[in-house]
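Okay, data-v8.cif is below, mmCIF, C-alpha atoms:
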data_structure
#
loop_
_atom_site.group_PDB
_atom_site.id
_atom_site.type_symbol
_atom_site.label_atom_id
_atom_site.label_comp_id
_atom_site.auth_asym_id
_atom_site.auth_seq_id
_atom_site.Cartn_x
_atom_site.Cartn_y
_atom_site.Cartn_z
ATOM 1 C CA MET B 676 9.307 -1.674 -8.155
ATOM 2 C CA SER B 677 6.814 1.167 -7.997
ATOM 3 C CA ALA B 678 7.092 4.537 -9.717
ATOM 4 C CA HIS B 679 5.044 7.385 -11.116
ATOM 5 C CA CYS B 680 5.169 7.182 -14.892
ATOM 6 C CA CYS B 681 3.940 9.255 -17.845
ATOM 7 C CA GLU B 682 1.605 11.303 -15.684
ATOM 8 C CA LYS B 683 1.853 14.393 -17.876
ATOM 9 C CA LEU B 684 2.774 14.808 -21.517
ATOM 10 C CA ASN B 685 5.752 17.002 -20.677
ATOM 11 C CA HIS B 686 7.127 14.220 -18.446
ATOM 12 C CA LEU B 687 7.118 11.912 -21.459
ATOM 13 C CA ASN B 688 8.609 14.484 -23.818
ATOM 14 C CA ASP B 689 11.355 15.515 -21.377
ATOM 15 C CA CYS B 690 12.386 11.888 -20.875
ATOM 16 C CA ILE B 691 12.540 11.238 -24.617
ATOM 17 C CA LYS B 692 14.541 14.435 -25.131
ATOM 18 C CA ARG B 693 17.046 13.536 -22.423
ATOM 19 C CA TYR B 694 17.398 9.775 -22.891
ATOM 20 C CA GLY B 695 15.928 9.020 -26.299
ATOM 21 C CA LYS B 696 13.467 6.650 -24.662
ATOM 22 C CA SER B 697 10.067 6.788 -23.038
ATOM 23 C CA PRO B 698 10.037 6.361 -19.244
ATOM 24 C CA VAL B 699 8.828 2.761 -19.603
ATOM 25 C CA GLU B 700 11.562 1.978 -22.120
ATOM 26 C CA LEU B 701 14.128 3.634 -19.863
ATOM 27 C CA PHE B 702 12.991 1.628 -16.841
ATOM 28 C CA GLU B 703 13.256 -1.559 -18.884
ATOM 29 C CA SER B 704 16.725 -0.703 -20.186
ATOM 30 C CA ILE B 705 18.179 -0.360 -16.692
ATOM 31 C CA GLY B 706 16.457 -3.457 -15.298
ATOM 32 C CA LEU B 707 13.904 -1.795 -13.033
ATOM 33 C CA LEU B 708 11.047 -3.851 -14.459
ATOM 34 C CA ASN B 709 12.689 -7.263 -14.206
ATOM 35 C CA TYR B 710 10.799 -8.305 -11.104
ATOM 36 C CA GLY B 711 7.346 -6.920 -11.824
ATOM 37 C CA GLY B 712 5.749 -4.118 -9.862
ATOM 38 C CA CYS B 713 3.482 -1.232 -10.739
ATOM 39 C CA LEU B 714 3.546 2.086 -12.547
ATOM 40 C CA PHE B 715 1.235 4.890 -11.448
ATOM 41 C CA HIS B 716 -0.796 7.170 -13.727
ATOM 42 C CA CYS B 717 0.271 5.796 -17.155
ATOM 43 C CA ASN B 718 -1.628 8.497 -19.049
ATOM 44 C CA TYR B 719 0.675 8.627 -22.069
ATOM 45 C CA LEU B 720 1.878 5.226 -23.237
ATOM 46 C CA SER B 721 3.060 4.024 -26.628
ATOM 47 C CA GLU B 722 2.243 0.619 -28.070
ATOM 48 C CA ARG B 723 5.778 -0.453 -27.157
ATOM 49 C CA ASP B 724 5.301 0.765 -23.591
ATOM 50 C CA ILE B 725 2.188 -1.377 -23.296
ATOM 51 C CA GLU B 726 4.002 -4.414 -24.718
ATOM 52 C CA ILE B 727 6.784 -3.989 -22.172
ATOM 53 C CA MET B 728 4.340 -3.697 -19.276
ATOM 54 C CA LYS B 729 2.592 -6.888 -20.348
ATOM 55 C CA GLU B 730 5.869 -8.772 -20.845
ATOM 56 C CA LYS B 731 7.244 -7.674 -17.470
ATOM 57 C CA ASN B 732 3.974 -8.219 -15.574
ATOM 58 C CA ILE B 733 3.732 -4.562 -14.570
ATOM 59 C CA TYR B 734 0.463 -3.284 -13.132
ATOM 60 C CA ALA B 735 -0.893 0.043 -14.353
ATOM 61 C CA VAL B 736 -2.350 1.940 -11.396
ATOM 62 C CA THR B 737 -4.646 4.743 -12.516
ATOM 63 C CA ASN B 738 -5.357 7.745 -10.273
ATOM 64 C CA PRO B 739 -8.324 9.457 -11.937
ATOM 65 C CA ALA B 740 -9.286 12.082 -9.326
ATOM 66 C CA SER B 741 -5.724 13.386 -9.088
ATOM 67 C CA ASN B 742 -5.366 13.400 -12.853
ATOM 68 C CA CYS B 743 -8.601 15.367 -13.200
ATOM 69 C CA LYS B 744 -7.612 17.902 -10.555
ATOM 70 C CA LEU B 745 -4.193 18.508 -12.129
ATOM 71 C CA ALA B 746 -5.468 18.224 -15.719
ATOM 72 C CA SER B 747 -2.828 15.544 -16.275
ATOM 73 C CA GLY B 748 -4.733 13.352 -18.694
ATOM 74 C CA ILE B 749 -6.778 10.159 -18.848
ATOM 75 C CA ALA B 750 -5.118 6.766 -18.631
ATOM 76 C CA PRO B 751 -6.110 4.379 -21.465
ATOM 77 C CA VAL B 752 -7.256 1.791 -18.942
ATOM 78 C CA THR B 753 -9.640 -0.048 -21.245
ATOM 79 C CA LYS B 754 -6.954 -0.370 -23.910
ATOM 80 C CA LEU B 755 -4.407 -1.577 -21.382
ATOM 81 C CA ILE B 756 -6.742 -4.317 -20.190
ATOM 82 C CA GLU B 757 -7.570 -5.300 -23.768
ATOM 83 C CA LYS B 758 -3.826 -5.606 -24.440
ATOM 84 C CA GLY B 759 -3.321 -7.869 -21.425
ATOM 85 C CA VAL B 760 -1.917 -5.371 -18.907
ATOM 86 C CA LYS B 761 -3.282 -5.713 -15.395
ATOM 87 C CA ALA B 762 -4.832 -2.534 -14.017
ATOM 88 C CA ALA B 763 -5.605 -1.288 -10.529
ATOM 89 C CA ILE B 764 -6.913 1.909 -8.949
ATOM 90 C CA GLY B 765 -5.058 4.351 -6.694
ATOM 91 C CA THR B 766 -5.608 7.832 -5.295
ATOM 92 C CA ASP B 767 -2.193 9.548 -5.482
ATOM 93 C CA GLY B 768 -1.338 11.803 -2.534
ATOM 94 C CA SER B 769 -3.606 14.051 -0.519
ATOM 95 C CA ALA B 770 -2.087 17.216 -2.038
ATOM 96 C CA SER B 771 -3.322 16.316 -5.505
ATOM 97 C CA ASN B 772 -6.456 14.455 -4.509
ATOM 98 C CA ASN B 773 -7.795 15.798 -1.196
ATOM 99 C CA ALA B 774 -10.516 13.209 -0.593
ATOM 100 C CA LEU B 775 -8.571 9.934 -1.015
ATOM 101 C CA ASP B 776 -11.997 8.390 -1.615
ATOM 102 C CA MET B 777 -11.898 5.047 -3.408
ATOM 103 C CA PHE B 778 -15.607 5.239 -4.187
ATOM 104 C CA ARG B 779 -15.021 8.437 -6.122
ATOM 105 C CA GLU B 780 -12.016 6.874 -7.839
ATOM 106 C CA MET B 781 -14.090 3.892 -8.950
ATOM 107 C CA TYR B 782 -16.790 6.122 -10.402
ATOM 108 C CA LEU B 783 -14.240 8.256 -12.240
ATOM 109 C CA VAL B 784 -12.387 5.261 -13.674
ATOM 110 C CA SER B 785 -15.603 4.070 -15.260
ATOM 111 C CA ALA B 786 -16.952 7.490 -16.279
ATOM 112 C CA LEU B 787 -13.689 8.706 -17.846
ATOM 113 C CA GLN B 788 -13.291 5.536 -19.892
ATOM 114 C CA LYS B 789 -16.840 5.890 -21.174
ATOM 115 C CA VAL B 790 -16.191 9.507 -22.186
ATOM 116 C CA SER B 791 -12.755 8.959 -23.709
ATOM 117 C CA ARG B 792 -13.910 5.910 -25.669
ATOM 118 C CA GLY B 793 -17.282 7.330 -26.634
ATOM 119 C CA ASP B 794 -18.836 4.117 -25.367
ATOM 120 C CA ALA B 795 -21.313 4.020 -22.484
ATOM 121 C CA ALA B 796 -20.617 0.304 -22.055
ATOM 122 C CA ALA B 797 -16.873 0.801 -21.514
ATOM 123 C CA MET B 798 -15.378 -0.164 -18.154
ATOM 124 C CA PRO B 799 -18.341 -1.983 -16.531
ATOM 125 C CA ALA B 800 -18.836 -1.949 -12.772
ATOM 126 C CA GLU B 801 -17.712 -5.562 -12.339
ATOM 127 C CA ARG B 802 -14.311 -4.778 -13.843
ATOM 128 C CA VAL B 803 -13.944 -1.628 -11.753
ATOM 129 C CA ILE B 804 -14.595 -3.573 -8.544
ATOM 130 C CA GLU B 805 -11.959 -6.122 -9.594
ATOM 131 C CA MET B 806 -9.454 -3.326 -10.251
ATOM 132 C CA ALA B 807 -10.116 -1.695 -6.887
ATOM 133 C CA CYS B 808 -10.153 -4.799 -4.727
ATOM 134 C CA VAL B 809 -8.442 -7.810 -6.284
ATOM 135 C CA ASN B 810 -5.883 -6.081 -8.497
ATOM 136 C CA GLY B 811 -5.219 -3.359 -5.954
ATOM 137 C CA ALA B 812 -4.073 -5.971 -3.447
ATOM 138 C CA LEU B 813 -2.066 -7.965 -5.976
ATOM 139 C CA ALA B 814 -0.342 -4.860 -7.334
ATOM 140 C CA MET B 815 0.889 -4.027 -3.837
ATOM 141 C CA GLY B 816 1.910 -7.604 -3.074
ATOM 142 C CA ILE B 817 -0.709 -7.856 -0.329
ATOM 143 C CA ASP B 818 -2.290 -11.247 0.270
ATOM 144 C CA SER B 819 -5.850 -9.916 0.449
ATOM 145 C CA ASP B 820 -7.205 -10.474 -3.038
ATOM 146 C CA CYS B 821 -10.142 -12.605 -1.847
ATOM 147 C CA LEU B 822 -11.969 -13.819 1.259
ATOM 148 C CA LYS B 823 -10.367 -17.173 2.021
ATOM 149 C CA GLU B 824 -8.887 -19.036 4.959
ATOM 150 C CA GLY B 825 -5.223 -18.107 5.343
ATOM 151 C CA LYS B 826 -5.599 -14.735 3.608
ATOM 152 C CA ASN B 827 -5.389 -11.378 5.367
ATOM 153 C CA ALA B 828 -8.798 -10.436 6.759
ATOM 154 C CA ASP B 829 -9.007 -7.058 5.002
ATOM 155 C CA ILE B 830 -12.655 -6.192 4.444
ATOM 156 C CA ILE B 831 -15.180 -3.396 4.598
ATOM 157 C CA MET B 832 -18.867 -3.712 5.407
ATOM 158 C CA ILE B 833 -21.232 -1.518 3.408
ATOM 159 C CA ASP B 834 -24.560 -0.306 4.761
ATOM 160 C CA LEU B 835 -27.098 -0.851 1.997
ATOM 161 C CA LYS B 836 -29.939 0.735 3.953
ATOM 162 C CA LYS B 837 -29.202 4.189 2.609
ATOM 163 C CA PRO B 838 -31.103 6.071 -0.116
ATOM 164 C CA ASN B 839 -28.149 6.046 -2.524
ATOM 165 C CA MET B 840 -27.875 2.250 -2.307
ATOM 166 C CA GLN B 841 -31.525 1.524 -2.987
ATOM 167 C CA PRO B 842 -33.139 -0.276 -4.702
ATOM 168 C CA GLU B 843 -30.920 -3.354 -4.496
ATOM 169 C CA ASN B 844 -31.212 -4.169 -8.181
ATOM 170 C CA ASN B 845 -27.491 -4.548 -8.924
ATOM 171 C CA ILE B 846 -25.198 -4.213 -5.902
ATOM 172 C CA LEU B 847 -21.961 -3.879 -7.882
ATOM 173 C CA LYS B 848 -23.370 -1.067 -10.011
ATOM 174 C CA ASN B 849 -24.757 0.602 -6.884
ATOM 175 C CA ILE B 850 -21.302 0.564 -5.302
ATOM 176 C CA VAL B 851 -19.501 1.982 -8.356
ATOM 177 C CA TYR B 852 -22.053 4.511 -9.584
ATOM 178 C CA SER B 853 -23.875 5.471 -6.381
ATOM 179 C CA GLY B 854 -21.623 4.381 -3.529
ATOM 180 C CA SER B 855 -19.931 6.721 -1.073
ATOM 181 C CA LYS B 856 -17.484 6.428 1.791
ATOM 182 C CA GLU B 857 -20.462 7.382 3.955
ATOM 183 C CA ASN B 858 -21.850 3.896 3.232
ATOM 184 C CA VAL B 859 -18.900 2.197 4.946
ATOM 185 C CA ALA B 860 -20.122 0.769 8.243
ATOM 186 C CA LEU B 861 -16.972 -1.170 9.175
ATOM 187 C CA THR B 862 -13.340 -1.372 8.133
ATOM 188 C CA MET B 863 -11.163 -4.346 9.096
ATOM 189 C CA VAL B 864 -7.434 -4.708 8.395
ATOM 190 C CA ARG B 865 -5.731 -8.046 9.076
ATOM 191 C CA GLY B 866 -8.599 -9.021 11.342
ATOM 192 C CA ARG B 867 -8.524 -5.842 13.401
ATOM 193 C CA ILE B 868 -11.548 -3.547 13.287
ATOM 194 C CA LEU B 869 -10.243 -0.014 12.755
ATOM 195 C CA TYR B 870 -13.578 1.696 12.165
ATOM 196 C CA GLU B 871 -17.160 0.796 12.977
ATOM 197 C CA ARG B 872 -20.226 2.991 12.525
ATOM 198 C CA GLY B 873 -18.620 6.340 13.278
ATOM 199 C CA LYS B 874 -16.090 5.144 15.862
ATOM 200 C CA PHE B 875 -12.369 4.788 15.135
ATOM 201 C CA ASN B 876 -10.093 2.226 16.772
ATOM 202 C CA ILE B 877 -6.668 3.386 15.617
ATOM 203 C CA GLY B 878 -4.898 3.797 18.943
ATOM 204 C CA VAL B 879 -5.313 7.573 19.100
ATOM 205 C CA ASP B 880 -8.271 9.884 19.571
ATOM 206 C CA GLU B 881 -9.379 11.257 16.203
ATOM 207 C CA ASN B 882 -9.932 14.713 17.716
ATOM 208 C CA GLU B 883 -6.236 14.859 18.567
ATOM 209 C CA VAL B 884 -5.443 14.098 14.928
ATOM 210 C CA TYR B 885 -7.790 16.840 13.701
ATOM 211 C CA GLU B 886 -6.335 19.363 16.137
ATOM 212 C CA LYS B 887 -2.758 18.540 15.174
ATOM 213 C CA CYS B 888 -3.565 18.810 11.460
ATOM 214 C CA ASN B 889 -5.153 22.217 11.886
ATOM 215 C CA THR B 890 -2.211 23.412 13.989
ATOM 216 C CA ILE B 891 0.222 22.341 11.275
ATOM 217 C CA VAL B 892 -1.825 24.131 8.620
ATOM 218 C CA GLU B 893 -1.837 27.363 10.640
ATOM 219 C CA GLU B 894 1.928 27.121 11.055
ATOM 220 C CA LEU B 895 2.384 26.603 7.317
ATOM 221 C CA LYS B 896 0.327 29.712 6.592
ATOM 222 C CA LYS B 897 2.831 31.764 8.596
ATOM 223 C CA MET B 898 5.832 30.555 6.607
#
Encoded form using structure tokens:
Amino acid sequence: MSAHCCEKLNHLNDCIKRYGKSPVELFESIGLLNYGGCLFHCNYLSERDIEIMKEKNIYAVTNPASNCKLASGIAPVTKLIEKGVKAAIGTDGSASNNALDMFREMYLVSALQKVSRGDAAAMPAERVIEMACVNGALAMGIDSDCLKEGKNADIIMIDLKKPNMQPENNILKNIVYSGSKENVALTMVRGRILYERGKFNIGVDENEVYEKCNTIVEELKKM
């Protein structure tokens, strides 16, 4: 199962007031967590909530850019990992995020943990990359957690010959702290190249998509 959970403090308080349980406890009580899955946001969790998520093999998917924009809170990602809960990174929807930029999400996951913990060494780049790539795939049940024969060929190619990616002292840190979607030279999904160096291969002309989006926006303004 997948569900938004404990995104804002009032969500938690309203659930406790209505059901006498936290959202995580409520999900457990009605069997929603029996087969694993993932919970999104997870900004306000009790110790019992964390225990349940570990016991039920539930992934915590943090959405830092959305949470910053909506002032929702900061997920205790470092604590969750320390307690044995698997964590991944998401974006939430375009209405609360706008950019849907995983590079920005990775930076924010690390930066917010450092600030909230008062520890500049919290949430190192290597762990952030694992959350974004390996755990992101596993949380969604997608067989693309590594490059291996028989796995889905889901990869991106990053252009390192850009000022923000130089010098090549530590590639993982460059990606998390300096990387940008502008560095993506190629995107492949299940072996099919969907984007390569400024050209899209998605079965429709991107200009048609842009035009349709702008038309829809203009129509919404008139409502």
Nearest to Leu869 in chain B: which of B:Glu893, B:Asp829, B:Asp767, B:Asp724 is it, counting all atoms listed in the file?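 Using all atoms listed in the file, Leu869 in chain B sits closest to B:Asp829.
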How would you write, as a PyMOL selection string, the residues chosen by the PyMOL selection byres ((chain B and resi 715) around 12) on this structure? chain B and resi 676-683+698-699+712-714+716-720+733-739+741-742+750+752+762-768+811+814-815
Result set of the PyMOL selection byres ((chain B and resi 756) around 12) on the coordinates above, as a PDB file with C-alpha atoms, keeping the file's coordinate frame:
ATOM      1  CA  ILE B 725       2.188  -1.377 -23.296  1.00  0.00           C
ATOM      2  CA  GLU B 726       4.002  -4.414 -24.718  1.00  0.00           C
ATOM      3  CA  MET B 728       4.340  -3.697 -19.276  1.00  0.00           C
ATOM      4  CA  LYS B 729       2.592  -6.888 -20.348  1.00  0.00           C
ATOM      5  CA  ILE B 733       3.732  -4.562 -14.570  1.00  0.00           C
ATOM      6  CA  TYR B 734       0.463  -3.284 -13.132  1.00  0.00           C
ATOM      7  CA  ALA B 735      -0.893   0.043 -14.353  1.00  0.00           C
ATOM      8  CA  VAL B 736      -2.350   1.940 -11.396  1.00  0.00           C
ATOM      9  CA  ALA B 750      -5.118   6.766 -18.631  1.00  0.00           C
ATOM     10  CA  PRO B 751      -6.110   4.379 -21.465  1.00  0.00           C
ATOM     11  CA  VAL B 752      -7.256   1.791 -18.942  1.00  0.00           C
ATOM     12  CA  THR B 753      -9.640  -0.048 -21.245  1.00  0.00           C
ATOM     13  CA  LYS B 754      -6.954  -0.370 -23.910  1.00  0.00           C
ATOM     14  CA  LEU B 755      -4.407  -1.577 -21.382  1.00  0.00           C
ATOM     15  CA  GLU B 757      -7.570  -5.300 -23.768  1.00  0.00           C
ATOM     16  CA  LYS B 758      -3.826  -5.606 -24.440  1.00  0.00           C
ATOM     17  CA  GLY B 759      -3.321  -7.869 -21.425  1.00  0.00           C
ATOM     18  CA  VAL B 760      -1.917  -5.371 -18.907  1.00  0.00           C
ATOM     19  CA  LYS B 761      -3.282  -5.713 -15.395  1.00  0.00           C
ATOM     20  CA  ALA B 762      -4.832  -2.534 -14.017  1.00  0.00           C
ATOM     21  CA  ALA B 763      -5.605  -1.288 -10.529  1.00  0.00           C
ATOM     22  CA  GLN B 788     -13.291   5.536 -19.892  1.00  0.00           C
ATOM     23  CA  ALA B 797     -16.873   0.801 -21.514  1.00  0.00           C
ATOM     24  CA  MET B 798     -15.378  -0.164 -18.154  1.00  0.00           C
ATOM     25  CA  ARG B 802     -14.311  -4.778 -13.843  1.00  0.00           C
ATOM     26  CA  VAL B 803     -13.944  -1.628 -11.753  1.00  0.00           C
ATOM     27  CA  GLU B 805     -11.959  -6.122  -9.594  1.00  0.00           C
ATOM     28  CA  MET B 806      -9.454  -3.326 -10.251  1.00  0.00           C
ATOM     29  CA  ASN B 810      -5.883  -6.081  -8.497  1.00  0.00           C
TER      30      ASN B 810
END
Interatomic distance, CA of Ala807 in chain B to CA of Asn709 in chain B (Å, one decimal): 24.6 Å
Box for range 793-810 of chain B: with edges along x, y and z, all listed atoms inside and 5 Å added on each side, what are the centre and edge lengths in Å to one decimal, as AutoDock Vina command-line options?
--center_x -13.6 --center_y -0.2 --center_z -15.7 --size_x 25.4 --size_y 25.1 --size_z 31.9
B:Val809, B:Met781, B:Met898, B:Ala770: which is nearest Ser853 in chain B, counting only C-alpha atoms?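 Of the candidates, the smallest distance to Ser853 in chain B is held by B:Met781.
Compared by their closest atoms to Asn773 in chain B, and using only C-alpha atoms, the residues B:Leu787, B:Leu707, B:Ala740, B:Ala796 rank with B:Ala740 nearest.
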Work out how far apart CA of Ile749 in chain B and CA of Leu684 in chain B are and give it in Å to one decimal.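 CA of Leu684 in chain B lies 11.0 Å from CA of Ile749 in chain B.
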What is the distance between CA of Lys836 in chain B and CA of Gly873 in chain B, in Å to one decimal?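 A separation of 15.7 Å between them.
Between Cys821 in chain B and the candidates B:Ile846, B:Cys808, B:Asn876, B:Asn889, the tightest atom-to-atom separation, counting all atoms listed in the file, involves B:Cys808.
With distances taken over all atoms listed in the file, B:Val851 is the one residue among B:Glu730, B:Val851, B:Ile804, B:Ile830 lying closest to Leu783 in chain B.
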When you look at Lys731 in chain B with a cut-off of 8 Å (counting only C-alpha atoms), what residues show up, excluding the ones that are within fewer than 4 positions of it in the same chain? I need them as a PyMOL selection string. chain B and resi 708-711+727
Between B:Glu894, B:Asn732, B:Asp880, B:Asn688, which residue has the minimum interatomic distance to Glu703 in chain B, considering only C-alpha atoms? B:Asn732
Give me range 861-875 of chain B with N, CA, C and O atoms filled in, as a PDB file, in the frame of the given file.
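selection-v4.pdb was written with the following content:
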ATOM      1  N   LEU B 861     -18.069  -0.530   8.436  1.00  0.00           N
ATOM      2  CA  LEU B 861     -16.972  -1.170   9.175  1.00  0.00           C
ATOM      3  C   LEU B 861     -15.773  -1.346   8.266  1.00  0.00           C
ATOM      4  O   LEU B 861     -15.915  -1.662   7.089  1.00  0.00           O
ATOM      5  N   THR B 862     -14.596  -1.122   8.838  1.00  0.00           N
ATOM      6  CA  THR B 862     -13.340  -1.372   8.133  1.00  0.00           C
ATOM      7  C   THR B 862     -12.465  -2.285   8.984  1.00  0.00           C
ATOM      8  O   THR B 862     -12.210  -1.990  10.156  1.00  0.00           O
ATOM      9  N   MET B 863     -12.018  -3.378   8.397  1.00  0.00           N
ATOM     10  CA  MET B 863     -11.163  -4.346   9.096  1.00  0.00           C
ATOM     11  C   MET B 863      -9.867  -4.532   8.318  1.00  0.00           C
ATOM     12  O   MET B 863      -9.893  -4.702   7.097  1.00  0.00           O
ATOM     13  N   VAL B 864      -8.738  -4.482   9.009  1.00  0.00           N
ATOM     14  CA  VAL B 864      -7.434  -4.708   8.395  1.00  0.00           C
ATOM     15  C   VAL B 864      -6.708  -5.797   9.172  1.00  0.00           C
ATOM     16  O   VAL B 864      -6.470  -5.662  10.374  1.00  0.00           O
ATOM     17  N   ARG B 865      -6.404  -6.885   8.468  1.00  0.00           N
ATOM     18  CA  ARG B 865      -5.731  -8.046   9.076  1.00  0.00           C
ATOM     19  C   ARG B 865      -6.461  -8.515  10.335  1.00  0.00           C
ATOM     20  O   ARG B 865      -5.842  -8.840  11.354  1.00  0.00           O
ATOM     21  N   GLY B 866      -7.776  -8.511  10.259  1.00  0.00           N
ATOM     22  CA  GLY B 866      -8.599  -9.021  11.342  1.00  0.00           C
ATOM     23  C   GLY B 866      -8.889  -8.031  12.455  1.00  0.00           C
ATOM     24  O   GLY B 866      -9.654  -8.326  13.366  1.00  0.00           O
ATOM     25  N   ARG B 867      -8.311  -6.850  12.368  1.00  0.00           N
ATOM     26  CA  ARG B 867      -8.524  -5.842  13.401  1.00  0.00           C
ATOM     27  C   ARG B 867      -9.506  -4.784  12.901  1.00  0.00           C
ATOM     28  O   ARG B 867      -9.304  -4.188  11.839  1.00  0.00           O
ATOM     29  N   ILE B 868     -10.560  -4.546  13.661  1.00  0.00           N
ATOM     30  CA  ILE B 868     -11.548  -3.547  13.287  1.00  0.00           C
ATOM     31  C   ILE B 868     -11.001  -2.157  13.620  1.00  0.00           C
ATOM     32  O   ILE B 868     -10.769  -1.822  14.776  1.00  0.00           O
ATOM     33  N   LEU B 869     -10.786  -1.361  12.574  1.00  0.00           N
ATOM     34  CA  LEU B 869     -10.243  -0.014  12.755  1.00  0.00           C
ATOM     35  C   LEU B 869     -11.331   1.055  12.780  1.00  0.00           C
ATOM     36  O   LEU B 869     -11.102   2.149  13.302  1.00  0.00           O
ATOM     37  N   TYR B 870     -12.474   0.724  12.206  1.00  0.00           N
ATOM     38  CA  TYR B 870     -13.578   1.696  12.165  1.00  0.00           C
ATOM     39  C   TYR B 870     -14.897   0.926  12.160  1.00  0.00           C
ATOM     40  O   TYR B 870     -15.036  -0.089  11.483  1.00  0.00           O
ATOM     41  N   GLU B 871     -15.840   1.415  12.972  1.00  0.00           N
ATOM     42  CA  GLU B 871     -17.160   0.796  12.977  1.00  0.00           C
ATOM     43  C   GLU B 871     -18.215   1.826  13.339  1.00  0.00           C
ATOM     44  O   GLU B 871     -18.221   2.378  14.428  1.00  0.00           O
ATOM     45  N   ARG B 872     -19.067   2.117  12.362  1.00  0.00           N
ATOM     46  CA  ARG B 872     -20.226   2.991  12.525  1.00  0.00           C
ATOM     47  C   ARG B 872     -19.906   4.285  13.284  1.00  0.00           C
ATOM     48  O   ARG B 872     -20.468   4.588  14.329  1.00  0.00           O
ATOM     49  N   GLY B 873     -18.951   5.026  12.739  1.00  0.00           N
ATOM     50  CA  GLY B 873     -18.620   6.340  13.278  1.00  0.00           C
ATOM     51  C   GLY B 873     -17.560   6.358  14.347  1.00  0.00           C
ATOM     52  O   GLY B 873     -17.121   7.432  14.767  1.00  0.00           O
ATOM     53  N   LYS B 874     -17.101   5.203  14.802  1.00  0.00           N
ATOM     54  CA  LYS B 874     -16.090   5.144  15.862  1.00  0.00           C
ATOM     55  C   LYS B 874     -14.800   4.548  15.309  1.00  0.00           C
ATOM     56  O   LYS B 874     -14.811   3.501  14.659  1.00  0.00           O
ATOM     57  N   PHE B 875     -13.676   5.244  15.586  1.00  0.00           N
ATOM     58  CA  PHE B 875     -12.369   4.788  15.135  1.00  0.00           C
ATOM     59  C   PHE B 875     -11.651   4.020  16.239  1.00  0.00           C
ATOM     60  O   PHE B 875     -11.773   4.336  17.423  1.00  0.00           O
TER      61      PHE B 875
END
